[in-house]
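Here is the structure we will look at, set down as structure tokens.
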Amino acid sequence: MRKWASFPLKEGDISRQAHADFPERAIYEREAGRSGFFGPATHFHHQHAPTGWSDWQGPLRPRLFDFNALTENTSASPWSVPSLLHNAHCQFRTWRLNENMPRLARNADGDELLFIHEGRAELFCDYGHLTLRDGDYVVIPRSTMWRLEPLEPMVVLLIEATNDSYQLPEKGLVGNHAIFDPAMLDTPKIDAAFQAQYSETAWQVEVKRHNQVSLITYPYNPLDAIGWHGDLAVMRINWRDIRPLMSHRYHLPPSAHTTFVAQRFVVCTFVPRPIESDPGALKVPFYHNNDDYDEVLFYHAGDFFSRDNIEKGMVTFHPAGFTHGPHPKAFQAGREYRKKFTDEVAVMLDTRDALVVGDAALTTENPAYVNSWQVKA
């Protein structure tokens, strides 16, 4: 693989390498980029923090939601929980499941991605059986029948690729085995647990299409496959299986941590890694204008080093159109190289189309989040 060299324009006092070796007079770097870190970009060097606003009026603002406080997302069916963030190509929901699903689920609107935030479960689907644990991603292809039997109470993040499918990202010159080897992907098995659930007892399937649910009744359990072959299946990977790309001399953009790709959005995973050690390298996420994508972060576990007062189960939403980046304390800690290792785990959703905030999400919003970048006296 090769690419043409490019020689960007330069003006004023600059660093020749992005995210490293900043001019002495300007410790703040801001990236203005297109196509969600995949397109052309310019790096500005500022004397003041690009997030140093003193007031904010209007609806375009950084937002924080505490989805731990949701009261409408406990259900035996994934189709009964409210959509929290959505557009024409994506739905983002959280789901609390405390009991066995009494019916099978089937999404005829698109692929479903499950991220197990809390709990464990047995998954039964057209392809067989898997035992799930916290930190598992499960990609369920469109129109697959499935159900969960929790082994303990569960909190599940659901991201629907509406009228779309999930694929793996191109890994380019780092090779197909970087980040995670495809051999790490697990698929369901037609094992003893799956065969034990064969039944001549009536079962029902809830099929979601155009966000409407139809109920189909069978006089037997339709999960009765005795075998399958092909190159389409439910697949599972745990965040613990991800080996993140990193450089000790350069802070890589979020796109380097892409896990799944749909046509109009990407899902990335931030996992523990060493922090950059080169003296001139930026050691926290850089300030950036992600002007083509809305950015959502679901905080799963650990210490979220670029944000203050964030706990697991919370969600930040940064719409396209303004500069965002680390909080002041995190930026200063990065300059002083206080931490040598990150221990955060987070799921990022970057959407090419603007997301709408659902009514249920609004009930959990912290409106003071917009002021969290202000330096406290």
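Residue numbers start at 1 in each chain; chains themselves are named A, B, ... in the order of the structure tokens; ligands are numbered from 1 in the order shown.
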
| said: If you run DSSP on the backbone here, which positions in range 60-231 of chain A get alpha helix (DSSP H)? Please write them as a PyMOL selection string. | reply: chain A and resi 192-196

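The shell of residues at most 9 Å from range 300-312 of chain A, with only C-alpha atoms counted and near chain neighbours (fewer than 4 positions) removed, consists of Asp66, Asn68, His117, Glu118, Gly135, Pro272, Val284, Pro285, Gly325, Pro326, His327, Pro328, Lys329, Ala330, Phe331, Lys339, Thr342, Asp343, Glu344, Val345, Ala346, Val347 and Ser372 of chain A.
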
| 9 Å contact set for Gln195 in chain A, only C-alpha atoms, chain neighbours under 4 positions out, as a PyMOL selection string | chain A and resi 128+190-191+224-226

| task | List every residue of range 14-126 of chain A that DSSP, applied to the backbone of this structure, assigns to strand (DSSP E), and report them as a ChimeraX atom specification. | result | /A:28-33,41-46,63-66,85-87,90-97,104-107,110-118,121-125

Could I get the residues of range 242-314 of chain A with an atom no further than 12 Å from an atom of range 20-36 of chain A, each paired with its nearest atom pair and that distance in Å to one decimal, using only C-alpha atoms, sorted by chain and residue number, as JSON lines?
```
{"residue": "A:Ser247", "atom": "CA", "partner": "A:Ala20", "partner_atom": "CA", "distance": 11.8}
{"residue": "A:His248", "atom": "CA", "partner": "A:Ala20", "partner_atom": "CA", "distance": 11.1}
{"residue": "A:Arg249", "atom": "CA", "partner": "A:Ala20", "partner_atom": "CA", "distance": 7.8}
{"residue": "A:Tyr250", "atom": "CA", "partner": "A:Ala20", "partner_atom": "CA", "distance": 6.6}
{"residue": "A:His251", "atom": "CA", "partner": "A:Ala20", "partner_atom": "CA", "distance": 8.2}
{"residue": "A:Leu252", "atom": "CA", "partner": "A:Ala20", "partner_atom": "CA", "distance": 11.1}
{"residue": "A:Pro253", "atom": "CA", "partner": "A:Gly36", "partner_atom": "CA", "distance": 9.5}
{"residue": "A:Pro254", "atom": "CA", "partner": "A:Gly36", "partner_atom": "CA", "distance": 8.8}
{"residue": "A:Ser255", "atom": "CA", "partner": "A:Gly36", "partner_atom": "CA", "distance": 7.5}
{"residue": "A:Ala256", "atom": "CA", "partner": "A:Gly36", "partner_atom": "CA", "distance": 11.2}
{"residue": "A:Thr258", "atom": "CA", "partner": "A:Gly36", "partner_atom": "CA", "distance": 11.3}
{"residue": "A:Arg264", "atom": "CA", "partner": "A:Ser35", "partner_atom": "CA", "distance": 10.7}
{"residue": "A:Phe265", "atom": "CA", "partner": "A:Gly36", "partner_atom": "CA", "distance": 9.5}
{"residue": "A:Val266", "atom": "CA", "partner": "A:Gly36", "partner_atom": "CA", "distance": 9.4}
{"residue": "A:Val267", "atom": "CA", "partner": "A:Gly36", "partner_atom": "CA", "distance": 11.8}
{"residue": "A:Cys268", "atom": "CA", "partner": "A:Gly36", "partner_atom": "CA", "distance": 11.8}
{"residue": "A:Glu276", "atom": "CA", "partner": "A:Ala20", "partner_atom": "CA", "distance": 10.4}
{"residue": "A:Ser277", "atom": "CA", "partner": "A:Ala20", "partner_atom": "CA", "distance": 11.3}
{"residue": "A:Asp278", "atom": "CA", "partner": "A:Ala20", "partner_atom": "CA", "distance": 8.9}
{"residue": "A:Pro279", "atom": "CA", "partner": "A:Asp21", "partner_atom": "CA", "distance": 8.3}
{"residue": "A:Gly280", "atom": "CA", "partner": "A:Asp21", "partner_atom": "CA", "distance": 4.6}
{"residue": "A:Ala281", "atom": "CA", "partner": "A:Ala20", "partner_atom": "CA", "distance": 4.3}
{"residue": "A:Leu282", "atom": "CA", "partner": "A:Ala20", "partner_atom": "CA", "distance": 5.6}
{"residue": "A:Lys283", "atom": "CA", "partner": "A:Ala20", "partner_atom": "CA", "distance": 9.2}
{"residue": "A:Val284", "atom": "CA", "partner": "A:Ala20", "partner_atom": "CA", "distance": 11.2}
{"residue": "A:Pro285", "atom": "CA", "partner": "A:Glu29", "partner_atom": "CA", "distance": 10.3}
{"residue": "A:Phe286", "atom": "CA", "partner": "A:Arg30", "partner_atom": "CA", "distance": 6.7}
{"residue": "A:Tyr287", "atom": "CA", "partner": "A:Arg30", "partner_atom": "CA", "distance": 4.8}
{"residue": "A:His288", "atom": "CA", "partner": "A:Glu31", "partner_atom": "CA", "distance": 4.4}
{"residue": "A:Asn289", "atom": "CA", "partner": "A:Ala32", "partner_atom": "CA", "distance": 4.9}
{"residue": "A:Asn290", "atom": "CA", "partner": "A:Gly36", "partner_atom": "CA", "distance": 6.0}
{"residue": "A:Asp291", "atom": "CA", "partner": "A:Arg34", "partner_atom": "CA", "distance": 6.3}
{"residue": "A:Asp292", "atom": "CA", "partner": "A:Ser35", "partner_atom": "CA", "distance": 5.7}
{"residue": "A:Tyr293", "atom": "CA", "partner": "A:Gly36", "partner_atom": "CA", "distance": 6.0}
{"residue": "A:Asp294", "atom": "CA", "partner": "A:Gly36", "partner_atom": "CA", "distance": 9.1}
{"residue": "A:Glu295", "atom": "CA", "partner": "A:Gly36", "partner_atom": "CA", "distance": 9.3}
```
